[in-house]
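See below for query05.cif, which holds mmCIF, N, CA and C atoms and all ligand atoms.
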data_protein
loop_
_atom_site.group_PDB
_atom_site.id
_atom_site.type_symbol
_atom_site.label_atom_id
_atom_site.label_comp_id
_atom_site.auth_asym_id
_atom_site.auth_seq_id
_atom_site.Cartn_x
_atom_site.Cartn_y
_atom_site.Cartn_z
ATOM 1 N N MET L 210 -45.609 -49.498 -273.388
ATOM 2 C CA MET L 210 -44.365 -49.902 -274.037
ATOM 3 C C MET L 210 -43.252 -50.050 -273.008
ATOM 4 N N VAL L 211 -42.234 -50.796 -273.387
ATOM 5 C CA VAL L 211 -41.110 -50.998 -272.472
ATOM 6 C C VAL L 211 -40.165 -49.790 -272.550
ATOM 7 N N CYS L 212 -39.790 -49.296 -271.390
ATOM 8 C CA CYS L 212 -38.925 -48.113 -271.302
ATOM 9 C C CYS L 212 -37.538 -48.393 -271.890
ATOM 10 N N THR L 213 -37.045 -47.435 -272.648
ATOM 11 C CA THR L 213 -35.673 -47.517 -273.163
ATOM 12 C C THR L 213 -34.860 -46.351 -272.606
ATOM 13 N N SER L 214 -35.444 -45.675 -271.616
ATOM 14 C CA SER L 214 -34.791 -44.513 -271.013
ATOM 15 C C SER L 214 -34.182 -44.917 -269.669
ATOM 16 N N VAL L 215 -34.438 -44.159 -268.602
ATOM 17 C CA VAL L 215 -33.789 -44.405 -267.308
ATOM 18 C C VAL L 215 -34.247 -45.686 -266.610
ATOM 19 N N LYS L 216 -35.489 -46.134 -266.837
ATOM 20 C CA LYS L 216 -35.977 -47.385 -266.229
ATOM 21 C C LYS L 216 -36.035 -48.474 -267.296
ATOM 22 N N GLU L 217 -34.976 -48.633 -268.013
ATOM 23 C CA GLU L 217 -34.892 -49.553 -269.143
ATOM 24 C C GLU L 217 -35.395 -50.955 -268.771
ATOM 25 N N GLY L 218 -36.269 -51.479 -269.628
ATOM 26 C CA GLY L 218 -36.783 -52.824 -269.415
ATOM 27 C C GLY L 218 -38.068 -52.867 -268.615
ATOM 28 N N THR L 219 -38.525 -51.730 -268.090
ATOM 29 C CA THR L 219 -39.744 -51.663 -267.298
ATOM 30 C C THR L 219 -40.908 -51.234 -268.177
ATOM 31 N N GLU L 220 -42.048 -51.912 -268.028
ATOM 32 C CA GLU L 220 -43.249 -51.534 -268.778
ATOM 33 C C GLU L 220 -43.736 -50.179 -268.282
ATOM 34 N N CYS L 221 -44.023 -49.261 -269.190
ATOM 35 C CA CYS L 221 -44.417 -47.905 -268.791
ATOM 36 C C CYS L 221 -45.422 -47.329 -269.778
ATOM 37 N N SER L 222 -46.459 -46.670 -269.225
ATOM 38 C CA SER L 222 -47.485 -46.087 -270.084
ATOM 39 C C SER L 222 -47.019 -44.785 -270.735
ATOM 40 N N PHE L 223 -45.952 -44.191 -270.234
ATOM 41 C CA PHE L 223 -45.451 -42.938 -270.816
ATOM 42 C C PHE L 223 -44.525 -43.177 -272.010
ATOM 43 N N MET L 224 -44.109 -44.416 -272.191
ATOM 44 C CA MET L 224 -43.176 -44.709 -273.287
ATOM 45 C C MET L 224 -43.953 -44.863 -274.586
ATOM 46 N N GLY L 225 -43.473 -44.229 -275.630
ATOM 47 C CA GLY L 225 -44.108 -44.316 -276.938
ATOM 48 C C GLY L 225 -43.074 -44.548 -278.017
ATOM 49 N N SER L 226 -43.537 -44.602 -279.235
ATOM 50 C CA SER L 226 -42.614 -44.849 -280.352
ATOM 51 C C SER L 226 -41.610 -43.702 -280.532
ATOM 52 N N LYS L 227 -41.987 -42.511 -280.022
ATOM 53 C CA LYS L 227 -41.085 -41.363 -280.125
ATOM 54 C C LYS L 227 -40.278 -41.155 -278.850
ATOM 55 N N GLY L 228 -40.309 -42.148 -277.956
ATOM 56 C CA GLY L 228 -39.555 -42.046 -276.704
ATOM 57 C C GLY L 228 -40.464 -41.715 -275.535
ATOM 58 N N CYS L 229 -39.861 -41.324 -274.448
ATOM 59 C CA CYS L 229 -40.611 -41.030 -273.224
ATOM 60 C C CYS L 229 -41.426 -39.751 -273.399
ATOM 61 N N GLN L 230 -42.725 -39.838 -273.105
ATOM 62 C CA GLN L 230 -43.629 -38.697 -273.271
ATOM 63 C C GLN L 230 -43.871 -37.966 -271.957
ATOM 64 N N PHE L 231 -43.197 -38.386 -270.875
ATOM 65 C CA PHE L 231 -43.397 -37.702 -269.595
ATOM 66 C C PHE L 231 -42.745 -36.331 -269.632
ATOM 67 N N ASN L 232 -43.268 -35.447 -268.823
ATOM 68 C CA ASN L 232 -42.751 -34.085 -268.725
ATOM 69 C C ASN L 232 -41.238 -34.103 -268.456
ATOM 70 N N GLY L 233 -40.477 -33.570 -269.360
ATOM 71 C CA GLY L 233 -39.028 -33.556 -269.216
ATOM 72 C C GLY L 233 -38.353 -34.670 -269.995
ATOM 73 N N GLY L 234 -39.124 -35.640 -270.473
ATOM 74 C CA GLY L 234 -38.559 -36.695 -271.315
ATOM 75 C C GLY L 234 -37.991 -37.881 -270.590
ATOM 76 N N ASN L 235 -38.066 -37.902 -269.257
ATOM 77 C CA ASN L 235 -37.671 -39.100 -268.508
ATOM 78 C C ASN L 235 -38.173 -39.004 -267.068
ATOM 79 N N CYS L 236 -38.048 -40.120 -266.343
ATOM 80 C CA CYS L 236 -38.484 -40.144 -264.942
ATOM 81 C C CYS L 236 -37.512 -39.350 -264.078
ATOM 82 N N HIS L 237 -38.032 -38.904 -262.934
ATOM 83 C CA HIS L 237 -37.205 -38.178 -261.975
ATOM 84 C C HIS L 237 -36.834 -39.121 -260.825
ATOM 85 N N PRO L 238 -35.667 -38.941 -260.227
ATOM 86 C CA PRO L 238 -35.235 -39.831 -259.136
ATOM 87 C C PRO L 238 -36.143 -39.726 -257.911
ATOM 88 N N ILE L 239 -36.059 -40.723 -257.044
ATOM 89 C CA ILE L 239 -36.860 -40.721 -255.818
ATOM 90 C C ILE L 239 -36.408 -39.602 -254.881
ATOM 91 N N THR L 240 -37.229 -39.316 -253.881
ATOM 92 C CA THR L 240 -36.865 -38.337 -252.859
ATOM 93 C C THR L 240 -36.357 -39.085 -251.624
ATOM 94 N N GLU L 241 -35.868 -38.353 -250.649
ATOM 95 C CA GLU L 241 -35.402 -38.972 -249.388
ATOM 96 C C GLU L 241 -36.528 -39.742 -248.714
ATOM 97 N N LYS L 242 -37.741 -39.213 -248.820
ATOM 98 C CA LYS L 242 -38.889 -39.839 -248.154
ATOM 99 C C LYS L 242 -39.233 -41.198 -248.755
ATOM 100 N N CYS L 243 -38.802 -41.461 -249.968
ATOM 101 C CA CYS L 243 -39.088 -42.734 -250.629
ATOM 102 C C CYS L 243 -38.196 -43.878 -250.124
ATOM 103 N N GLU L 244 -37.110 -43.556 -249.482
ATOM 104 C CA GLU L 244 -36.166 -44.600 -249.069
ATOM 105 C C GLU L 244 -36.837 -45.592 -248.132
ATOM 106 N N GLY L 245 -36.742 -46.865 -248.500
ATOM 107 C CA GLY L 245 -37.375 -47.922 -247.720
ATOM 108 C C GLY L 245 -38.622 -48.462 -248.405
ATOM 109 N N CYS L 246 -39.118 -47.762 -249.394
ATOM 110 C CA CYS L 246 -40.321 -48.194 -250.114
ATOM 111 C C CYS L 246 -39.961 -49.349 -251.061
ATOM 112 N N GLN L 247 -40.866 -50.308 -251.179
ATOM 113 C CA GLN L 247 -40.610 -51.469 -252.037
ATOM 114 C C GLN L 247 -40.777 -51.155 -253.520
ATOM 115 N N LYS L 248 -41.298 -49.979 -253.827
ATOM 116 C CA LYS L 248 -41.479 -49.613 -255.237
ATOM 117 C C LYS L 248 -40.242 -48.927 -255.821
ATOM 118 N N VAL L 249 -39.218 -48.778 -255.015
ATOM 119 C CA VAL L 249 -37.972 -48.174 -255.498
ATOM 120 C C VAL L 249 -37.211 -49.205 -256.326
ATOM 121 N N VAL L 250 -36.761 -48.783 -257.495
ATOM 122 C CA VAL L 250 -35.976 -49.652 -258.361
ATOM 123 C C VAL L 250 -34.637 -48.964 -258.630
ATOM 124 N N LYS L 251 -33.568 -49.728 -258.484
ATOM 125 C CA LYS L 251 -32.224 -49.166 -258.671
ATOM 126 C C LYS L 251 -31.786 -49.348 -260.116
ATOM 127 N N ARG L 252 -31.308 -48.284 -260.698
ATOM 128 C CA ARG L 252 -30.789 -48.303 -262.065
ATOM 129 C C ARG L 252 -29.427 -47.613 -262.054
ATOM 130 N N PRO L 253 -28.614 -47.834 -263.082
ATOM 131 C CA PRO L 253 -27.289 -47.208 -263.105
ATOM 132 C C PRO L 253 -27.328 -45.686 -262.968
ATOM 133 N N SER L 254 -28.374 -45.054 -263.477
ATOM 134 C CA SER L 254 -28.453 -43.597 -263.413
ATOM 135 C C SER L 254 -29.066 -43.085 -262.110
ATOM 136 N N GLY L 255 -29.514 -43.992 -261.218
ATOM 137 C CA GLY L 255 -30.086 -43.568 -259.942
ATOM 138 C C GLY L 255 -31.215 -44.476 -259.505
ATOM 139 N N ASP L 256 -31.924 -44.066 -258.454
ATOM 140 C CA ASP L 256 -33.054 -44.825 -257.927
ATOM 141 C C ASP L 256 -34.351 -44.171 -258.392
ATOM 142 N N TYR L 257 -35.285 -45.006 -258.853
ATOM 143 C CA TYR L 257 -36.547 -44.492 -259.397
ATOM 144 C C TYR L 257 -37.722 -45.248 -258.797
ATOM 145 N N CYS L 258 -38.896 -44.650 -258.942
ATOM 146 C CA CYS L 258 -40.126 -45.278 -258.459
ATOM 147 C C CYS L 258 -40.758 -46.071 -259.601
ATOM 148 N N LEU L 259 -41.224 -47.275 -259.277
ATOM 149 C CA LEU L 259 -41.879 -48.104 -260.286
ATOM 150 C C LEU L 259 -43.286 -47.605 -260.604
ATOM 151 N N ALA L 260 -43.893 -46.860 -259.681
ATOM 152 C CA ALA L 260 -45.283 -46.447 -259.842
ATOM 153 C C ALA L 260 -45.443 -45.043 -260.430
ATOM 154 N N PHE L 261 -44.514 -44.127 -260.096
ATOM 155 C CA PHE L 261 -44.688 -42.726 -260.507
ATOM 156 C C PHE L 261 -43.429 -42.182 -261.157
ATOM 157 N N PRO L 262 -43.585 -41.430 -262.238
ATOM 158 C CA PRO L 262 -42.402 -40.871 -262.901
ATOM 159 C C PRO L 262 -41.759 -39.719 -262.130
ATOM 160 N N ASP L 263 -42.555 -39.028 -261.292
ATOM 161 C CA ASP L 263 -41.983 -37.929 -260.501
ATOM 162 C C ASP L 263 -42.436 -38.052 -259.045
ATOM 163 N N PRO L 264 -41.673 -38.744 -258.214
ATOM 164 C CA PRO L 264 -42.069 -38.984 -256.821
ATOM 165 C C PRO L 264 -42.270 -37.724 -255.991
ATOM 166 N N THR L 265 -41.609 -36.623 -256.321
ATOM 167 C CA THR L 265 -41.783 -35.406 -255.503
ATOM 168 C C THR L 265 -43.241 -34.939 -255.518
ATOM 169 N N ILE L 266 -43.938 -35.179 -256.622
ATOM 170 C CA ILE L 266 -45.350 -34.790 -256.712
ATOM 171 C C ILE L 266 -46.193 -35.586 -255.718
ATOM 172 N N LYS L 267 -45.862 -36.852 -255.526
ATOM 173 C CA LYS L 267 -46.635 -37.696 -254.608
ATOM 174 C C LYS L 267 -46.473 -37.270 -253.149
ATOM 175 N N TRP L 268 -45.383 -36.593 -252.836
ATOM 176 C CA TRP L 268 -45.119 -36.170 -251.454
ATOM 177 C C TRP L 268 -45.467 -34.704 -251.218
ATOM 178 N N ARG L 269 -45.896 -34.011 -252.225
ATOM 179 C CA ARG L 269 -46.109 -32.572 -252.116
ATOM 180 C C ARG L 269 -47.189 -32.219 -251.086
ATOM 181 N N PHE L 270 -48.264 -32.984 -251.018
ATOM 182 C CA PHE L 270 -49.380 -32.643 -250.127
ATOM 183 C C PHE L 270 -49.562 -33.672 -249.008
ATOM 184 N N GLY L 271 -48.484 -34.261 -248.552
ATOM 185 C CA GLY L 271 -48.575 -35.251 -247.472
ATOM 186 C C GLY L 271 -47.868 -36.524 -247.880
ATOM 187 N N ASN L 272 -48.225 -37.615 -247.188
ATOM 188 C CA ASN L 272 -47.564 -38.890 -247.481
ATOM 189 C C ASN L 272 -47.994 -39.453 -248.831
ATOM 190 N N CYS L 273 -47.085 -40.149 -249.467
ATOM 191 C CA CYS L 273 -47.396 -40.808 -250.735
ATOM 192 C C CYS L 273 -48.420 -41.914 -250.483
ATOM 193 N N SER L 274 -49.463 -41.949 -251.287
ATOM 194 C CA SER L 274 -50.544 -42.924 -251.087
ATOM 195 C C SER L 274 -50.116 -44.350 -251.422
ATOM 196 N N MET L 275 -49.038 -44.506 -252.173
ATOM 197 C CA MET L 275 -48.599 -45.846 -252.580
ATOM 198 C C MET L 275 -47.375 -46.321 -251.791
ATOM 199 N N ALA L 276 -46.920 -45.555 -250.850
ATOM 200 C CA ALA L 276 -45.702 -45.889 -250.103
ATOM 201 C C ALA L 276 -45.902 -47.146 -249.268
ATOM 202 N N THR L 277 -45.080 -48.148 -249.471
ATOM 203 C CA THR L 277 -45.212 -49.399 -248.715
ATOM 204 C C THR L 277 -44.606 -49.261 -247.325
ATOM 205 N N HIS L 278 -43.579 -48.444 -247.173
ATOM 206 C CA HIS L 278 -42.925 -48.307 -245.875
ATOM 207 C C HIS L 278 -43.731 -47.450 -244.909
ATOM 208 N N MET L 279 -44.570 -46.550 -245.400
ATOM 209 C CA MET L 279 -45.373 -45.702 -244.528
ATOM 210 C C MET L 279 -46.521 -46.477 -243.901
ATOM 211 N N LYS L 280 -47.126 -47.408 -244.633
ATOM 212 C CA LYS L 280 -48.224 -48.205 -244.082
ATOM 213 C C LYS L 280 -47.740 -49.006 -242.891
ATOM 214 N N ALA L 281 -46.569 -49.610 -243.022
ATOM 215 C CA ALA L 281 -46.032 -50.422 -241.935
ATOM 216 C C ALA L 281 -45.792 -49.567 -240.700
ATOM 217 N N LYS L 282 -45.267 -48.354 -240.899
ATOM 218 C CA LYS L 282 -45.013 -47.456 -239.769
ATOM 219 C C LYS L 282 -46.316 -47.022 -239.119
ATOM 220 N N ASP L 283 -47.326 -46.688 -239.935
ATOM 221 C CA ASP L 283 -48.605 -46.225 -239.404
ATOM 222 C C ASP L 283 -49.266 -47.290 -238.525
ATOM 223 N N GLU L 284 -49.254 -48.538 -238.974
ATOM 224 C CA GLU L 284 -49.881 -49.611 -238.197
ATOM 225 C C GLU L 284 -49.186 -49.799 -236.857
ATOM 226 N N LYS L 285 -47.866 -49.710 -236.874
ATOM 227 C CA LYS L 285 -47.113 -49.851 -235.634
ATOM 228 C C LYS L 285 -47.391 -48.693 -234.698
ATOM 229 N N LYS L 286 -47.447 -47.468 -235.267
ATOM 230 C CA LYS L 286 -47.626 -46.270 -234.459
ATOM 231 C C LYS L 286 -48.997 -46.253 -233.796
ATOM 232 N N ASN L 287 -50.032 -46.587 -234.532
ATOM 233 C CA ASN L 287 -51.382 -46.554 -233.982
ATOM 234 C C ASN L 287 -51.642 -47.694 -233.006
ATOM 235 N N GLY L 288 -51.033 -48.851 -233.262
ATOM 236 C CA GLY L 288 -51.267 -49.995 -232.405
ATOM 237 C C GLY L 288 -52.651 -50.571 -232.576
ATOM 238 N N LYS L 289 -53.409 -50.073 -233.543
ATOM 239 C CA LYS L 289 -54.765 -50.552 -233.773
ATOM 240 C C LYS L 289 -54.785 -51.428 -235.021
ATOM 241 N N VAL L 290 -55.644 -52.404 -234.997
ATOM 242 C CA VAL L 290 -55.786 -53.289 -236.145
ATOM 243 C C VAL L 290 -57.237 -53.245 -236.575
ATOM 244 N N ASN L 291 -57.444 -53.068 -237.873
ATOM 245 C CA ASN L 291 -58.798 -53.087 -238.413
ATOM 246 C C ASN L 291 -59.320 -54.521 -238.313
ATOM 247 N N PRO L 292 -60.393 -54.772 -237.564
ATOM 248 C CA PRO L 292 -60.868 -56.141 -237.358
ATOM 249 C C PRO L 292 -61.274 -56.846 -238.656
ATOM 250 N N LEU L 293 -61.800 -56.088 -239.602
ATOM 251 C CA LEU L 293 -62.194 -56.693 -240.883
ATOM 252 C C LEU L 293 -60.961 -57.170 -241.647
ATOM 253 N N LYS L 294 -59.929 -56.327 -241.689
ATOM 254 C CA LYS L 294 -58.693 -56.714 -242.370
ATOM 255 C C LYS L 294 -58.012 -57.863 -241.627
ATOM 256 N N ALA L 295 -58.047 -57.848 -240.313
ATOM 257 C CA ALA L 295 -57.406 -58.908 -239.530
ATOM 258 C C ALA L 295 -58.078 -60.255 -239.793
ATOM 259 N N SER L 296 -59.412 -60.257 -239.907
ATOM 260 C CA SER L 296 -60.103 -61.532 -240.173
ATOM 261 C C SER L 296 -59.790 -62.041 -241.576
ATOM 262 N N LYS L 297 -59.625 -61.121 -242.516
ATOM 263 C CA LYS L 297 -59.263 -61.530 -243.882
ATOM 264 C C LYS L 297 -57.861 -62.114 -243.900
ATOM 265 N N ARG L 298 -56.943 -61.503 -243.128
ATOM 266 C CA ARG L 298 -55.568 -62.011 -243.070
ATOM 267 C C ARG L 298 -55.547 -63.416 -242.479
ATOM 268 N N ARG L 299 -56.358 -63.630 -241.440
ATOM 269 C CA ARG L 299 -56.400 -64.953 -240.797
ATOM 270 C C ARG L 299 -56.964 -65.997 -241.761
ATOM 271 N N ALA L 300 -57.882 -65.596 -242.616
ATOM 272 C CA ALA L 300 -58.506 -66.525 -243.553
ATOM 273 C C ALA L 300 -57.499 -67.069 -244.568
ATOM 274 N N HIS L 301 -56.447 -66.266 -244.839
ATOM 275 C CA HIS L 301 -55.431 -66.715 -245.804
ATOM 276 C C HIS L 301 -54.484 -67.627 -245.178
HETATM 277 S S1 LIG L 401 -44.577 -45.397 -254.259
HETATM 278 FE FE1 LIG L 401 -44.372 -43.344 -253.331
HETATM 279 S S2 LIG L 401 -42.915 -43.640 -251.631
HETATM 280 FE FE2 LIG L 401 -42.731 -45.433 -252.973
HETATM 281 S S3 LIG L 401 -41.029 -44.903 -254.326
HETATM 282 FE FE3 LIG L 401 -42.933 -44.308 -255.361
HETATM 283 S S4 LIG L 401 -43.247 -42.144 -254.845
HETATM 284 FE FE4 LIG L 401 -41.722 -42.968 -253.407
#
This structure in C-alpha cells:
Amino acid sequence: MVCTSVKEGTECSFMGSKGCQFNGGNCHPITEKCEGCQKVVKRPSGDYCLAFPDPTIKWRFGNCSMATHMKAKDEKKNGKVNPLKASKRRAH
C-alpha cells in the first residue's frame, strides 16, 4: 500500500488499512552513515531510506548491504575490478 505516514506517496509493504504496521508505527530517520546513499529520500519530517524502515538496524553489524555510496568507495579503495563484471559492463 502507499504510505500515508512519514514517506507519504511511497509504496510500502508495512502500510496497511490500519496504518503503518512497522515497529513504532512509522519509519525511522537515516543515520549519519547513510548520507550520500541514493536510497535516501527527503521528506518534510526528515530524511528516510527507501529500502528499510529502520536504517540503524542495517548498520548494526557492519556496512549496510544496500548502500550505494559504500560500493563506489570499496571499488576505488581496492583498485581491483572483477573481470566478469567488467566484461558485462563493456557488453552494455
Ligand atoms: S540503503 Fe542502507 S545506507 Fe542507504 S539509506 Fe538505506 S539504510 Fe542507509
Around ligand LIG 401 (chain L), fit a box with edges along x, y and z, padding it by 3 Å on each side, then list its centre and edge lengths in Å to one decimal as lines of an AutoDock Vina configuration file.
center_x = -42.8
center_y = -43.8
center_z = -253.5
size_x = 9.5
size_y = 9.3
size_z = 9.7
**Message:** Quick check on the file I pasted: which residues fall under the PyMOL selection byres (((not hetatm)) within 6.5 of (chain L and resi 401))? Write them as a list in words.
**Reply:** Ile239, Thr240, Lys242, Cys243, Glu244, Cys246, Gln247, Lys248, Val249, Tyr257, Cys258, Leu259, Ala260, Phe261, Asp263, Pro264, Thr265, Lys267, Trp268, Cys273, Ser274, Met275, Ala276 and Thr277 of chain L
**Message:** One number please: atom CA of Lys216 of chain L to atom CA of Gly255 of chain L, in Å, one decimal.
**Reply:** 9.4 Å
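Atom CA of Val211 of chain L is found 17.0 Å from atom CA of His237 of chain L.
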**DSSP strand (DSSP E) residues within segment 224-285 of chain L, as a PyMOL selection string** = chain L and resi 224-225+228-229+249-252+255-258
**Message:** Could you check the closest approach to Lys227 of chain L for each of L:Asn272, L:Leu293, L:Met210, L:His278 and tell me which residue wins, using only C-alpha atoms?
**Reply:**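 Result for the nearest residue to Lys227 of chain L: L:Met210.
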**Message:** Quick one: residues within 10 Å of Phe223 of chain L, only C-alpha atoms, excluding same-chain residues fewer than 4 positions away - as a ChimeraX atom specification?
**Reply:** /L:210-212,228-232,234-236,262
**Item:** Straight-line distance linking atom C of Val215 of chain L with atom N of Pro253 of chain L, stated in Å to one decimal
**Value:**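 Atom N of Pro253 of chain L lies at a distance of 7.0 Å from atom C of Val215 of chain L.
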What does segment 212-284 of chain L look like written to a file with C-alpha atoms, as a compact mmCIF listing (two decimals), in the first residue's frame?
# COMPACT_ATOMS: atom_id res chain seq x y z
CA CYS L 212 2.39 5.22 2.71
CA THR L 213 0.31 7.95 4.32
CA SER L 214 2.80 8.42 7.14
CA VAL L 215 6.35 9.89 7.02
CA LYS L 216 7.17 8.61 3.48
CA GLU L 217 3.85 9.74 2.04
CA GLY L 218 3.27 8.62 -1.54
CA THR L 219 5.84 5.80 -1.42
CA GLU L 220 4.79 2.19 -1.97
CA CYS L 221 5.47 0.24 1.24
CA SER L 222 4.82 -3.32 2.39
CA PHE L 223 4.38 -2.18 6.01
CA MET L 224 1.43 0.07 5.19
CA GLY L 225 -1.99 -1.43 5.80
CA SER L 226 -5.59 -0.36 6.09
CA LYS L 227 -4.98 0.36 9.79
CA GLY L 228 -1.89 2.47 9.07
CA CYS L 229 1.80 1.71 9.34
CA GLN L 230 2.44 -1.73 10.85
CA PHE L 231 6.18 -1.22 11.39
CA ASN L 232 7.54 -1.30 14.92
CA GLY L 233 6.74 2.10 16.40
CA GLY L 234 4.14 2.97 13.77
CA ASN L 235 6.42 4.77 11.32
CA CYS L 236 9.84 4.73 9.66
CA HIS L 237 12.93 5.93 11.48
CA PRO L 238 15.24 8.61 10.02
CA ILE L 239 18.53 7.71 8.34
CA THR L 240 21.82 7.58 10.25
CA GLU L 241 24.97 9.63 9.56
CA LYS L 242 26.41 6.64 7.71
CA CYS L 243 23.55 6.76 5.19
CA GLU L 244 24.47 10.22 3.92
CA GLY L 245 25.40 10.00 0.26
CA CYS L 246 23.32 6.89 -0.42
CA GLN L 247 20.95 7.08 -3.39
CA LYS L 248 18.19 5.37 -1.41
CA VAL L 249 17.79 8.38 0.86
CA VAL L 250 14.53 10.24 0.30
CA LYS L 251 13.91 13.70 1.73
CA ARG L 252 10.56 14.41 3.34
CA PRO L 253 9.34 17.38 5.39
CA SER L 254 9.73 15.40 8.61
CA GLY L 255 13.31 14.31 7.79
CA ASP L 256 15.41 12.02 5.60
CA TYR L 257 14.39 8.37 5.25
CA CYS L 258 15.57 5.23 3.49
CA LEU L 259 13.52 3.93 0.58
CA ALA L 260 14.58 0.33 1.28
CA PHE L 261 14.45 -0.03 5.09
CA PRO L 262 12.15 1.41 7.74
CA ASP L 263 14.92 1.48 10.36
CA PRO L 264 18.38 2.16 8.85
CA THR L 265 20.21 1.81 12.20
CA ILE L 266 19.50 -1.94 12.06
CA LYS L 267 21.24 -2.22 8.69
CA TRP L 268 24.42 -0.66 10.12
CA ARG L 269 24.44 -2.53 13.42
CA PHE L 270 26.73 -5.38 12.30
CA GLY L 271 28.84 -3.64 9.65
CA ASN L 272 28.15 -1.84 6.40
CA CYS L 273 24.63 -1.70 5.02
CA SER L 274 24.29 -4.30 2.25
CA MET L 275 22.16 -1.97 0.11
CA ALA L 276 24.27 1.18 0.47
CA THR L 277 25.03 2.65 -2.96
CA HIS L 278 27.74 5.00 -1.71
CA MET L 279 29.74 2.24 0.02
CA LYS L 280 30.09 0.13 -3.15
CA ALA L 281 31.61 3.05 -5.01
CA LYS L 282 34.10 3.66 -2.19
CA ASP L 283 35.03 -0.03 -1.93
CA GLU L 284 35.82 -0.32 -5.66
